[in-house]
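**Student:** Input structure: my_file-v9.txt, which contains compact mmCIF, C-alpha atoms.
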```txt
# COMPACT_ATOMS: atom_id res chain seq x y z
CA MET A 1 7.38 -31.19 -23.91
CA ASN A 2 5.97 -34.05 -21.86
CA ILE A 3 5.99 -36.65 -24.66
CA LEU A 4 8.71 -36.97 -27.30
CA LEU A 5 7.92 -38.99 -30.43
CA VAL A 6 10.98 -40.27 -32.27
CA SER A 7 11.13 -40.95 -36.01
CA GLY A 8 14.10 -41.52 -38.24
CA ALA A 9 13.15 -43.54 -41.33
CA ARG A 10 10.13 -43.81 -43.59
CA PRO A 11 8.42 -46.64 -41.66
CA ASN A 12 8.76 -44.53 -38.50
CA PHE A 13 6.88 -41.62 -40.04
CA MET A 14 3.99 -43.91 -40.91
CA LYS A 15 3.90 -45.20 -37.34
CA ILE A 16 4.00 -41.87 -35.50
CA ALA A 17 1.48 -40.13 -37.77
CA PRO A 18 -1.65 -41.83 -36.33
CA ILE A 19 -0.32 -41.30 -32.79
CA VAL A 20 0.04 -37.57 -33.44
CA ARG A 21 -3.51 -37.47 -34.83
CA ALA A 22 -4.87 -39.41 -31.85
CA LEU A 23 -3.17 -37.02 -29.42
CA GLY A 24 -4.72 -34.14 -31.35
CA LYS A 25 -8.19 -35.64 -31.02
CA VAL A 26 -7.92 -35.56 -27.23
CA LYS A 27 -6.42 -32.06 -27.47
CA TYR A 28 -3.12 -33.11 -25.91
CA ASP A 29 -0.44 -30.89 -27.41
CA ASN A 30 2.42 -31.16 -24.92
CA ILE A 31 4.42 -33.22 -27.41
CA GLY A 32 7.55 -32.90 -29.51
CA ILE A 33 8.44 -34.68 -32.75
CA ILE A 34 12.07 -35.66 -33.22
CA HIS A 35 13.34 -36.40 -36.74
CA THR A 36 16.77 -38.00 -36.34
CA GLY A 37 17.62 -37.64 -40.03
CA GLN A 38 18.38 -41.32 -40.56
CA HIS A 39 16.49 -40.98 -43.86
CA TYR A 40 17.43 -37.52 -44.91
CA ASP A 41 16.67 -36.83 -48.59
CA TYR A 42 13.36 -35.30 -49.70
CA LEU A 43 11.59 -38.45 -50.89
CA MET A 44 12.72 -40.34 -47.80
CA SER A 45 11.55 -37.77 -45.27
CA LYS A 46 9.99 -34.39 -46.02
CA VAL A 47 7.43 -35.56 -48.56
CA PHE A 48 6.31 -38.24 -46.09
CA PHE A 49 5.61 -35.58 -43.47
CA GLU A 50 3.51 -33.68 -46.01
CA GLU A 51 1.53 -36.69 -47.23
CA LEU A 52 0.93 -38.05 -43.73
CA GLU A 53 -0.16 -34.60 -42.51
CA LEU A 54 2.52 -34.54 -39.85
CA PRO A 55 3.56 -31.16 -38.45
CA GLU A 56 7.13 -30.03 -38.95
CA PRO A 57 9.43 -31.82 -36.49
CA ASN A 58 10.43 -29.81 -33.43
CA TYR A 59 13.97 -31.11 -33.73
CA PHE A 60 15.89 -32.36 -36.77
CA LEU A 61 19.05 -34.15 -35.61
CA ASN A 62 20.55 -34.40 -39.11
CA VAL A 63 22.58 -37.57 -38.45
CA GLY A 64 22.66 -38.70 -42.10
CA SER A 65 24.16 -41.93 -43.34
CA GLY A 66 27.06 -43.99 -42.01
CA SER A 67 27.77 -47.36 -40.48
CA HIS A 68 25.40 -48.74 -37.85
CA ALA A 69 27.80 -47.60 -35.12
CA GLU A 70 28.20 -44.13 -36.61
CA GLN A 71 24.45 -43.60 -36.99
CA THR A 72 23.64 -44.93 -33.54
CA GLY A 73 26.36 -42.86 -31.90
CA LYS A 74 25.38 -39.64 -33.66
CA VAL A 75 21.72 -40.09 -32.72
CA MET A 76 22.61 -40.74 -29.08
CA ILE A 77 24.77 -37.62 -28.83
CA GLU A 78 22.21 -35.32 -30.43
CA PHE A 79 19.15 -36.83 -28.77
CA GLU A 80 20.68 -36.50 -25.31
CA LYS A 81 20.89 -32.73 -25.87
CA VAL A 82 17.16 -32.65 -26.69
CA CYS A 83 16.23 -34.67 -23.60
CA LEU A 84 18.31 -32.47 -21.31
CA GLN A 85 16.68 -29.37 -22.76
CA GLU A 86 13.07 -30.64 -22.79
CA ASN A 87 13.06 -32.97 -19.75
CA PRO A 88 10.23 -35.17 -21.12
CA SER A 89 8.26 -37.65 -19.02
CA VAL A 90 8.10 -40.32 -21.72
CA ILE A 91 9.91 -41.03 -24.99
CA VAL A 92 7.93 -42.95 -27.60
CA VAL A 93 10.03 -44.97 -30.05
CA VAL A 94 8.62 -46.99 -32.93
CA GLY A 95 9.76 -49.89 -35.06
CA ASP A 96 13.28 -51.28 -35.22
CA VAL A 97 15.67 -48.84 -36.90
CA ASN A 98 18.92 -47.53 -35.42
CA SER A 99 17.16 -44.38 -34.18
CA THR A 100 14.78 -46.57 -32.15
CA LEU A 101 17.66 -48.28 -30.36
CA ALA A 102 19.73 -45.13 -29.86
CA CYS A 103 16.95 -42.98 -28.40
CA SER A 104 15.68 -45.69 -26.08
CA ILE A 105 19.17 -46.15 -24.61
CA VAL A 106 19.60 -42.40 -24.09
CA ALA A 107 16.18 -42.13 -22.46
CA LYS A 108 16.79 -44.94 -19.98
CA LYS A 109 20.23 -43.63 -19.01
CA LEU A 110 18.46 -40.36 -18.16
CA ASN A 111 15.84 -42.31 -16.16
CA LYS A 112 13.03 -41.47 -18.55
CA GLN A 113 10.09 -43.71 -19.33
CA VAL A 114 10.32 -45.46 -22.71
CA ALA A 115 7.32 -46.65 -24.70
CA HIS A 116 7.98 -48.95 -27.66
CA VAL A 117 5.37 -49.14 -30.40
CA GLU A 118 5.54 -52.41 -32.38
CA ALA A 119 7.19 -54.27 -29.53
CA GLY A 120 7.78 -58.01 -29.29
CA LEU A 121 8.28 -58.85 -32.97
CA ARG A 122 11.00 -61.45 -33.49
CA SER A 123 12.51 -63.06 -36.59
CA ARG A 124 15.08 -65.16 -34.60
CA ASP A 125 17.63 -64.01 -37.20
CA MET A 126 20.50 -62.29 -35.39
CA SER A 127 22.19 -61.46 -38.69
CA MET A 128 19.51 -58.78 -39.15
CA PRO A 129 20.46 -55.47 -37.48
CA GLU A 130 16.76 -54.81 -36.93
CA GLU A 131 16.44 -57.91 -34.76
CA ILE A 132 19.18 -56.67 -32.45
CA ASN A 133 17.49 -53.25 -32.28
CA ARG A 134 14.16 -54.88 -31.40
CA ILE A 135 15.56 -57.08 -28.63
CA VAL A 136 17.61 -54.36 -26.96
CA THR A 137 14.84 -51.75 -27.17
CA ASP A 138 12.26 -54.10 -25.68
CA SER A 139 14.62 -55.13 -22.90
CA ILE A 140 14.75 -51.56 -21.52
CA SER A 141 11.27 -50.28 -22.43
CA ASP A 142 8.66 -49.60 -19.76
CA LEU A 143 5.53 -49.72 -21.95
CA LEU A 144 5.35 -52.28 -24.75
CA PHE A 145 2.67 -51.81 -27.41
CA VAL A 146 2.17 -55.00 -29.40
CA SER A 147 0.72 -55.30 -32.91
CA GLU A 148 0.12 -59.07 -32.94
CA LYS A 149 -0.23 -61.67 -30.20
CA SER A 150 3.02 -63.45 -31.04
CA GLY A 151 4.69 -60.34 -29.66
CA MET A 152 3.02 -60.81 -26.29
CA ALA A 153 4.33 -64.37 -26.01
CA ASN A 154 7.84 -63.28 -27.04
CA LEU A 155 7.95 -60.54 -24.41
CA ARG A 156 6.70 -62.82 -21.66
CA ASP A 157 9.33 -65.39 -22.61
CA GLU A 158 11.95 -62.64 -22.25
CA GLY A 159 10.79 -61.79 -18.75
CA LYS A 160 8.58 -58.75 -19.28
CA ARG A 161 5.68 -58.32 -16.86
CA ASP A 162 2.07 -58.52 -18.00
CA ASP A 163 1.41 -54.99 -16.71
CA GLN A 164 4.00 -53.67 -19.18
CA ILE A 165 2.54 -55.38 -22.27
CA TYR A 166 -0.43 -53.97 -24.18
CA PHE A 167 -2.02 -55.58 -27.24
CA THR A 168 -3.12 -52.46 -29.13
CA GLY A 169 -3.13 -53.42 -32.81
CA ASN A 170 -1.08 -52.12 -35.71
CA VAL A 171 -0.42 -48.40 -36.27
CA MET A 172 0.83 -49.11 -39.80
CA ILE A 173 -2.70 -50.22 -40.65
CA ASP A 174 -4.07 -47.02 -39.06
CA THR A 175 -1.98 -45.06 -41.56
CA LEU A 176 -2.92 -47.33 -44.46
CA TYR A 177 -6.66 -46.88 -43.88
CA PHE A 178 -6.28 -43.12 -43.34
CA GLN A 179 -4.35 -42.65 -46.59
CA LEU A 180 -6.71 -44.91 -48.54
CA GLU A 181 -9.62 -42.76 -47.41
CA LYS A 182 -7.76 -39.68 -48.63
CA LEU A 183 -7.17 -41.34 -52.02
CA GLN A 184 -10.84 -42.18 -52.37
CA LYS A 185 -11.80 -38.57 -51.73
CA GLU A 186 -9.41 -37.17 -54.30
CA THR A 187 -10.12 -37.15 -58.02
CA GLY A 188 -7.72 -38.49 -60.60
CA ARG A 189 -5.83 -40.52 -58.04
CA GLY A 190 -6.72 -44.00 -59.20
CA LYS A 191 -4.75 -46.53 -61.19
CA GLU A 192 -3.62 -43.90 -63.71
CA GLY A 193 -4.04 -46.11 -66.75
CA LEU A 194 -2.72 -49.32 -65.19
CA ASN A 195 -5.71 -51.35 -66.30
CA LYS A 196 -3.78 -54.56 -66.76
CA LYS A 197 -2.47 -57.20 -64.41
CA TYR A 198 0.87 -56.36 -62.90
CA GLY A 199 3.11 -57.15 -59.96
CA VAL A 200 5.14 -54.84 -57.73
CA VAL A 201 8.64 -55.48 -56.35
CA THR A 202 10.62 -53.84 -53.55
CA LEU A 203 14.10 -54.95 -52.48
CA HIS A 204 16.54 -53.37 -50.08
CA ARG A 205 17.89 -55.88 -47.54
CA PRO A 206 21.66 -56.52 -47.68
CA SER A 207 21.05 -60.30 -47.67
CA ASN A 208 19.26 -59.90 -51.01
CA VAL A 209 20.97 -57.03 -52.80
CA ASP A 210 24.59 -57.03 -51.56
CA ASN A 211 25.53 -60.45 -52.93
CA LYS A 212 25.92 -60.81 -56.71
CA GLU A 213 24.84 -64.46 -56.89
CA THR A 214 21.77 -63.95 -54.69
CA PHE A 215 20.69 -60.78 -56.46
CA GLY A 216 21.23 -62.56 -59.77
CA GLU A 217 18.90 -65.42 -58.79
CA ILE A 218 16.20 -62.98 -57.67
CA SER A 219 16.59 -60.99 -60.89
CA ASP A 220 16.31 -64.13 -63.03
CA ALA A 221 13.10 -65.11 -61.22
CA LEU A 222 11.62 -61.63 -61.70
CA ILE A 223 12.50 -61.65 -65.40
CA GLU A 224 10.77 -65.01 -65.85
CA ILE A 225 7.63 -63.86 -64.00
CA SER A 226 7.60 -60.69 -66.13
CA ARG A 227 7.08 -62.84 -69.23
CA GLU A 228 3.56 -63.51 -67.93
CA MET A 229 2.87 -60.38 -65.89
CA ASP A 230 4.35 -56.88 -66.11
CA ILE A 231 6.50 -56.05 -63.09
CA ILE A 232 6.95 -52.55 -61.67
CA PHE A 233 10.04 -52.08 -59.54
CA PRO A 234 10.65 -48.82 -57.62
CA VAL A 235 14.38 -49.14 -56.98
CA HIS A 236 16.03 -48.04 -53.73
CA PRO A 237 19.25 -46.04 -54.47
CA ARG A 238 21.45 -48.66 -52.81
CA THR A 239 19.70 -51.43 -54.73
CA ARG A 240 20.18 -49.59 -58.05
CA LYS A 241 23.87 -49.09 -57.30
CA ASN A 242 24.32 -52.83 -56.80
CA LEU A 243 22.35 -53.61 -59.96
CA GLU A 244 24.90 -51.54 -61.84
CA ILE A 245 27.92 -53.00 -60.03
CA PHE A 246 26.77 -56.59 -60.59
CA GLY A 247 25.90 -56.01 -64.25
CA LEU A 248 22.21 -56.80 -63.72
CA LEU A 249 20.68 -53.47 -64.68
CA GLU A 250 20.61 -53.97 -68.44
CA ARG A 251 19.15 -57.47 -68.07
CA LEU A 252 16.22 -56.07 -66.11
CA LYS A 253 15.77 -53.16 -68.50
CA SER A 254 15.50 -55.52 -71.46
CA SER A 255 12.70 -57.49 -69.78
CA HIS A 256 9.08 -56.60 -69.00
CA ILE A 257 10.19 -55.02 -65.74
CA GLU A 258 9.66 -51.29 -65.40
CA LEU A 259 12.32 -49.71 -63.18
CA MET A 260 11.48 -46.42 -61.52
CA PRO A 261 12.91 -44.20 -58.75
CA PRO A 262 11.74 -44.58 -55.13
CA LEU A 263 8.20 -43.33 -54.62
CA SER A 264 6.54 -41.27 -51.93
CA TYR A 265 4.08 -43.09 -49.66
CA MET A 266 0.97 -42.04 -51.59
CA ASP A 267 2.42 -42.71 -55.03
CA PHE A 268 3.59 -46.13 -53.92
CA LEU A 269 0.22 -46.88 -52.31
CA LYS A 270 -1.54 -46.00 -55.57
CA LEU A 271 0.73 -48.48 -57.30
CA TRP A 272 0.68 -51.55 -55.06
CA LYS A 273 -2.96 -51.40 -53.86
CA ASP A 274 -4.12 -52.58 -57.31
CA ALA A 275 -1.32 -55.09 -57.93
CA GLN A 276 -2.01 -58.76 -58.51
CA ILE A 277 1.01 -59.75 -56.45
CA VAL A 278 3.74 -58.07 -54.40
CA LEU A 279 7.27 -59.44 -54.06
CA THR A 280 9.23 -57.80 -51.27
CA ASP A 281 11.73 -58.06 -48.44
CA SER A 282 10.04 -55.24 -46.53
CA GLY A 283 8.49 -55.79 -43.11
CA GLY A 284 5.70 -53.22 -43.30
CA LEU A 285 4.55 -54.27 -46.75
CA GLN A 286 3.89 -57.79 -45.45
CA GLU A 287 1.37 -56.22 -43.05
CA GLU A 288 -0.17 -53.79 -45.52
CA THR A 289 -0.75 -56.42 -48.20
CA THR A 290 -2.35 -58.65 -45.56
CA ALA A 291 -4.74 -55.83 -44.59
CA LEU A 292 -5.83 -55.39 -48.23
CA GLY A 293 -5.82 -59.08 -49.16
CA ILE A 294 -3.09 -58.83 -51.80
CA PRO A 295 -0.86 -61.90 -52.30
CA CYS A 296 2.62 -61.17 -50.94
CA PHE A 297 5.78 -63.18 -51.59
CA THR A 298 8.42 -62.28 -49.02
CA LEU A 299 11.92 -62.91 -50.32
CA ARG A 300 13.28 -63.98 -46.94
CA ASP A 301 13.55 -67.23 -44.99
CA ASN A 302 11.94 -65.77 -41.87
CA THR A 303 9.65 -63.01 -40.73
CA GLU A 304 9.17 -61.12 -37.48
CA ARG A 305 5.50 -60.78 -38.46
CA PRO A 306 4.28 -64.41 -38.40
CA ILE A 307 0.61 -63.46 -38.35
CA THR A 308 0.94 -62.27 -41.96
CA VAL A 309 1.73 -65.89 -42.85
CA SER A 310 -0.63 -67.73 -40.49
CA GLU A 311 -3.64 -65.48 -41.11
CA GLY A 312 -2.67 -63.10 -43.90
CA THR A 313 -1.66 -63.23 -47.54
CA ASN A 314 2.07 -63.56 -46.97
CA VAL A 315 4.21 -66.50 -48.12
CA LEU A 316 7.89 -66.85 -47.22
CA VAL A 317 9.69 -67.88 -50.40
CA GLY A 318 13.38 -67.19 -49.70
CA ASN A 319 15.71 -65.69 -52.29
CA LYS A 320 16.48 -68.60 -54.62
CA LYS A 321 15.18 -68.54 -58.19
CA GLU A 322 13.64 -72.01 -58.04
CA ALA A 323 11.78 -71.32 -54.79
CA ILE A 324 10.45 -67.95 -56.01
CA LEU A 325 9.20 -69.45 -59.26
CA HIS A 326 7.67 -72.42 -57.41
CA ALA A 327 5.68 -70.04 -55.18
CA TYR A 328 4.59 -68.02 -58.21
CA GLY A 329 3.52 -71.23 -59.99
CA MET A 330 1.44 -72.26 -56.97
CA TYR A 331 -0.26 -68.87 -57.00
CA ARG A 332 -0.86 -68.97 -60.75
CA ASN A 333 -2.36 -72.46 -60.64
CA ASN A 334 -4.27 -72.32 -57.35
CA GLY A 335 -4.97 -68.64 -56.75
CA GLN A 336 -4.22 -66.83 -53.52
CA LYS A 337 -4.62 -67.95 -49.93
CA HIS A 338 -7.87 -67.26 -48.10
CA PRO A 339 -6.71 -64.63 -45.64
CA ARG A 340 -8.34 -62.69 -42.87
CA VAL A 341 -7.41 -59.35 -41.37
CA PRO A 342 -5.71 -59.93 -38.00
CA GLU A 343 -7.33 -58.93 -34.72
CA LEU A 344 -7.26 -55.20 -33.86
CA TRP A 345 -5.93 -54.22 -37.28
CA ASP A 346 -8.91 -51.89 -37.45
CA GLY A 347 -7.41 -48.41 -37.78
CA LYS A 348 -7.76 -47.60 -34.08
CA ALA A 349 -4.44 -48.81 -32.66
CA ALA A 350 -3.12 -45.28 -32.09
CA GLU A 351 -6.20 -44.33 -30.06
CA ARG A 352 -5.59 -47.29 -27.74
CA ILE A 353 -1.91 -46.39 -27.42
CA VAL A 354 -2.67 -42.76 -26.58
CA ASN A 355 -5.22 -43.74 -23.91
CA ILE A 356 -2.60 -45.94 -22.22
CA LEU A 357 0.15 -43.32 -22.55
CA LEU A 358 -1.95 -40.60 -20.93
CA ARG A 359 -3.06 -42.95 -18.14
CA ASN A 360 0.57 -43.72 -17.34
CA LEU A 361 1.54 -40.06 -17.38
```
Before anything else, please render the file you have as structure tokens.

**Tutor:**
Amino acid sequence: MNILLVSGARPNFMKIAPIVRALGKVKYDNIGIIHTGQHYDYLMSKVFFEELELPEPNYFLNVGSGSHAEQTGKVMIEFEKVCLQENPSVIVVVGDVNSTLACSIVAKKLNKQVAHVEAGLRSRDMSMPEEINRIVTDSISDLLFVSEKSGMANLRDEGKRDDQIYFTGNVMIDTLYFQLEKLQKETGRGKEGLNKKYGVVTLHRPSNVDNKETFGEISDALIEISREMDIIFPVHPRTRKNLEIFGLLERLKSSHIELMPPLSYMDFLKLWKDAQIVLTDSGGLQEETTALGIPCFTLRDNTERPITVSEGTNVLVGNKKEAILHAYGMYRNNGQKHPRVPELWDGKAAERIVNILLRNL
């Protein structure tokens, strides 16, 4: 296998899917898909492969959960075995999860070429594990595929050469447009009776859900917003566990907030694409809401995706009740921002990446 594509968590699957399709269009099949198993239950992995029309992975490393060190170490040990067996020319890593970091380190220690998709994004927040993963991966990558121009400036500031940096656009938006087209072709896959105004919430970051006081402030803000607009909240297992531990679950259940289990990509897309607002601490959802022009309140103080704020629909609101409600009040009184879709977020990023990959091979 000349090219190995690494995925480990749900955002990774969305990012490799258009690359696999683009390689198929040029009839290049000397590739292998590695699923590290960082997200390992059905809704967090297998169903995403089915919905995104990804072939079964060639290798499943089955690393499972654990601390950051445990996950990273397990991935490195198992991925090294794959590299020694397959002897690839290039390893393609995507995003900023532990699998991204681990596989890029293994590849470079074996003197293999590393290509990083979604390179150059920076939040400047070193308390975020993802920021460390991004910086280290970029520092040792040979080919850097950038989704927004801020990434190019960041990489140059960190000493990367211009001939390593490629502004290719956003593969997450490739997947979004592809899946939207599938939805439009299918029957009975619309709003499913949700003919009223509603908002959608996702929360998973430790800074928001691991602290009782912080999670309490966010919950209070959501409950207040739900008095004016129904809120639908697919709850990550870790987030639900903390809701129970902190005694917040019953408060949410007694409000106009509908709690539901985590959703597959397509089911979640059906939900949020028709929402009035989205409140989230996710990185990818900031981009996707920008592409579809849906107001997004990011419950963080920073973002590694600044173009979603400067050009898109995203507003950084932090995680304090007063700030969240202030942002919601501004939206309610003044309507949403007047966004535009960022440059090269046109559904063709993967094609550009594949052309560059094959040239470098």

**Student:** When you look at stretch 257-263 of chain A with a cut-off of 12 Å (counting all atoms listed in the file), what residues show up, excluding the ones that are within fewer than 3 positions of it in the same chain? I need them as a PDB file with C-alpha atoms, in the coordinates of the input.

**Tutor:**
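Here's the written file part.pdb:
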```pdb
ATOM      1  CA  ARG A  10      10.130 -43.810 -43.590  1.00  0.00           C
ATOM      2  CA  ASP A  41      16.670 -36.830 -48.590  1.00  0.00           C
ATOM      3  CA  TYR A  42      13.360 -35.300 -49.700  1.00  0.00           C
ATOM      4  CA  LEU A  43      11.590 -38.450 -50.890  1.00  0.00           C
ATOM      5  CA  MET A  44      12.720 -40.340 -47.800  1.00  0.00           C
ATOM      6  CA  SER A  45      11.550 -37.770 -45.270  1.00  0.00           C
ATOM      7  CA  VAL A  47       7.430 -35.560 -48.560  1.00  0.00           C
ATOM      8  CA  PHE A  48       6.310 -38.240 -46.090  1.00  0.00           C
ATOM      9  CA  GLU A  51       1.530 -36.690 -47.230  1.00  0.00           C
ATOM     10  CA  TYR A 198       0.870 -56.360 -62.900  1.00  0.00           C
ATOM     11  CA  GLY A 199       3.110 -57.150 -59.960  1.00  0.00           C
ATOM     12  CA  VAL A 200       5.140 -54.840 -57.730  1.00  0.00           C
ATOM     13  CA  VAL A 201       8.640 -55.480 -56.350  1.00  0.00           C
ATOM     14  CA  THR A 202      10.620 -53.840 -53.550  1.00  0.00           C
ATOM     15  CA  LEU A 203      14.100 -54.950 -52.480  1.00  0.00           C
ATOM     16  CA  HIS A 204      16.540 -53.370 -50.080  1.00  0.00           C
ATOM     17  CA  SER A 219      16.590 -60.990 -60.890  1.00  0.00           C
ATOM     18  CA  ASP A 220      16.310 -64.130 -63.030  1.00  0.00           C
ATOM     19  CA  ALA A 221      13.100 -65.110 -61.220  1.00  0.00           C
ATOM     20  CA  LEU A 222      11.620 -61.630 -61.700  1.00  0.00           C
ATOM     21  CA  ILE A 223      12.500 -61.650 -65.400  1.00  0.00           C
ATOM     22  CA  GLU A 224      10.770 -65.010 -65.850  1.00  0.00           C
ATOM     23  CA  ILE A 225       7.630 -63.860 -64.000  1.00  0.00           C
ATOM     24  CA  SER A 226       7.600 -60.690 -66.130  1.00  0.00           C
ATOM     25  CA  ARG A 227       7.080 -62.840 -69.230  1.00  0.00           C
ATOM     26  CA  GLU A 228       3.560 -63.510 -67.930  1.00  0.00           C
ATOM     27  CA  MET A 229       2.870 -60.380 -65.890  1.00  0.00           C
ATOM     28  CA  ASP A 230       4.350 -56.880 -66.110  1.00  0.00           C
ATOM     29  CA  ILE A 231       6.500 -56.050 -63.090  1.00  0.00           C
ATOM     30  CA  ILE A 232       6.950 -52.550 -61.670  1.00  0.00           C
ATOM     31  CA  PHE A 233      10.040 -52.080 -59.540  1.00  0.00           C
ATOM     32  CA  PRO A 234      10.650 -48.820 -57.620  1.00  0.00           C
ATOM     33  CA  VAL A 235      14.380 -49.140 -56.980  1.00  0.00           C
ATOM     34  CA  HIS A 236      16.030 -48.040 -53.730  1.00  0.00           C
ATOM     35  CA  PRO A 237      19.250 -46.040 -54.470  1.00  0.00           C
ATOM     36  CA  ARG A 238      21.450 -48.660 -52.810  1.00  0.00           C
ATOM     37  CA  THR A 239      19.700 -51.430 -54.730  1.00  0.00           C
ATOM     38  CA  ARG A 240      20.180 -49.590 -58.050  1.00  0.00           C
ATOM     39  CA  LEU A 243      22.350 -53.610 -59.960  1.00  0.00           C
ATOM     40  CA  LEU A 249      20.680 -53.470 -64.680  1.00  0.00           C
ATOM     41  CA  GLU A 250      20.610 -53.970 -68.440  1.00  0.00           C
ATOM     42  CA  ARG A 251      19.150 -57.470 -68.070  1.00  0.00           C
ATOM     43  CA  LEU A 252      16.220 -56.070 -66.110  1.00  0.00           C
ATOM     44  CA  LYS A 253      15.770 -53.160 -68.500  1.00  0.00           C
ATOM     45  CA  SER A 254      15.500 -55.520 -71.460  1.00  0.00           C
ATOM     46  CA  MET A 266       0.970 -42.040 -51.590  1.00  0.00           C
ATOM     47  CA  ASP A 267       2.420 -42.710 -55.030  1.00  0.00           C
ATOM     48  CA  PHE A 268       3.590 -46.130 -53.920  1.00  0.00           C
ATOM     49  CA  LEU A 269       0.220 -46.880 -52.310  1.00  0.00           C
ATOM     50  CA  LYS A 270      -1.540 -46.000 -55.570  1.00  0.00           C
ATOM     51  CA  LEU A 271       0.730 -48.480 -57.300  1.00  0.00           C
ATOM     52  CA  TRP A 272       0.680 -51.550 -55.060  1.00  0.00           C
TER      53      TRP A 272
END
```

**Student:** May I have the residues within 6 Å of stretch 165-177 of chain A as a list in words, using all atoms listed in the file and disregarding those fewer than 4 positions away in the same chain?

**Tutor:** Lys15, Leu144, Phe145, Val146, Ser147, Leu344, Trp345, Gly347, Ala349, Ala350 and Arg352 of chain A

**Student:** For a cutoff of 12 Å around the file-coordinate point (26.6, -44.5, -42.1), which residues qualify once you count only C-alpha atoms? I'd like the result as a list of chain:residue names.

**Tutor:**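 Checked against the point, the hits come out as A:Gly37, A:Gln38, A:His39, A:Tyr40, A:Val63, A:Gly64, A:Ser65, A:Gly66, A:Ser67, A:His68, A:Ala69, A:Glu70, A:Gln71, A:Thr72, A:Gly73, A:Lys74, A:Val75, A:Asn98.
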
**Student:** I'd like the interatomic distance between atom CA of A:Val315 and atom CA of A:Asn333, to a tenth of an Å.

**Tutor:** 15.3 Å

**Student:** Could you jot down the atom CA of A:Ser255 to atom CA of A:Leu279 separation for me, Å, one decimal place?

**Tutor:**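 The value is 16.7 Å.
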
**Student:** Find the spatial neighbours of A:Leu4, counting only C-alpha atoms, within a cut-off of 6 Å - ignore same-chain residues fewer than 3 positions away - and output them as a PyMOL selection string.

**Tutor:** chain A and resi 31-33+91

**Student:** Give me, please, the distance in Å between atom CA of A:Glu217 and atom CA of A:Asn319, quoted to one decimal.

**Tutor:**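 Taking atom CA of A:Glu217 and atom CA of A:Asn319, their separation equals 7.2 Å.
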
**Student:** Rank A:Ile353, A:Gln179, A:Ile132, A:Lys108 by their smallest atom-to-atom distance to A:Glu50, using only C-alpha atoms, and report the top residue only.

**Tutor:**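 Closest to A:Glu50, using only C-alpha atoms: A:Gln179.
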
**Student:** Have a look at A:Ser104, A:Thr290, A:Gln276, A:Asn208 and name the one nearest to A:Asn242; count all atoms listed in the file.

**Tutor:** A:Asn208

**Student:** If we count only C-alpha atoms, what is near A:Glu86 at a cut-off of 8 Å, once residues fewer than 2 positions away on the same chain are taken out, given as an mmCIF file with C-alpha atoms, in the coordinates of the input?

**Tutor:**
```cif
data_model
loop_
_atom_site.group_PDB
_atom_site.id
_atom_site.type_symbol
_atom_site.label_atom_id
_atom_site.label_comp_id
_atom_site.auth_asym_id
_atom_site.auth_seq_id
_atom_site.Cartn_x
_atom_site.Cartn_y
_atom_site.Cartn_z
ATOM 1 C CA MET A 1 7.380 -31.190 -23.910
ATOM 2 C CA ASN A 2 5.970 -34.050 -21.860
ATOM 3 C CA VAL A 82 17.160 -32.650 -26.690
ATOM 4 C CA CYS A 83 16.230 -34.670 -23.600
ATOM 5 C CA LEU A 84 18.310 -32.470 -21.310
ATOM 6 C CA PRO A 88 10.230 -35.170 -21.120
#
```

**Student:** Select, from A:Asn12, A:Asp274, A:Tyr328, A:Met128, the residue with the minimum atom-to-atom distance to A:Asp301, counting only C-alpha atoms.

**Tutor:** A:Met128

**Student:** Between A:Ala102, A:Leu5, A:Val136, A:Leu121, which residue has the minimum interatomic distance to A:Ala153, considering only C-alpha atoms?

**Tutor:**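 Checking each candidate against A:Ala153, we get A:Leu121 as the closest.
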
**Student:** Taking all atoms listed in the file into account, which of A:Leu54, A:Leu23, A:Leu248, A:Ala275 comes nearest A:Lys196?

**Tutor:** A:Ala275

**Student:** Fewer than 4 positions away in the same chain doesn't count, so skip those; otherwise give me all residues within 7 Å of stretch 160-164 of chain A, counting all atoms listed in the file, as a list in words.

**Tutor:**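 Returned residues: Asp142, Leu143, Leu144, Leu155 and Arg156 of chain A.
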
**Student:** If you keep C-alpha atoms, can you produce a file of those selected residues as an mmCIF file, keeping the file's coordinate frame?

**Tutor:**
```
data_model
loop_
_atom_site.group_PDB
_atom_site.id
_atom_site.type_symbol
_atom_site.label_atom_id
_atom_site.label_comp_id
_atom_site.auth_asym_id
_atom_site.auth_seq_id
_atom_site.Cartn_x
_atom_site.Cartn_y
_atom_site.Cartn_z
ATOM 1 C CA ASP A 142 8.660 -49.600 -19.760
ATOM 2 C CA LEU A 143 5.530 -49.720 -21.950
ATOM 3 C CA LEU A 144 5.350 -52.280 -24.750
ATOM 4 C CA LEU A 155 7.950 -60.540 -24.410
ATOM 5 C CA ARG A 156 6.700 -62.820 -21.660
#
```

**Student:** Taking all atoms listed in the file into account, name the residue in A:Lys25, A:Lys197, A:Lys81, A:Lys337 that is nearest to A:Thr308.

**Tutor:**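 Result for the nearest residue to A:Thr308: A:Lys337.
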
**Student:** Enclose all atoms of stretch 332-345 of chain A listed in the file in an axis-aligned box, grow every side by 8 Å, and hand back centre and edge lengths in Å to one decimal, as JSON.

**Tutor:**
```
{"center_x": -4.6, "center_y": -63.3, "center_z": -47.3, "size_x": 23.5, "size_y": 34.2, "size_z": 42.9}
```
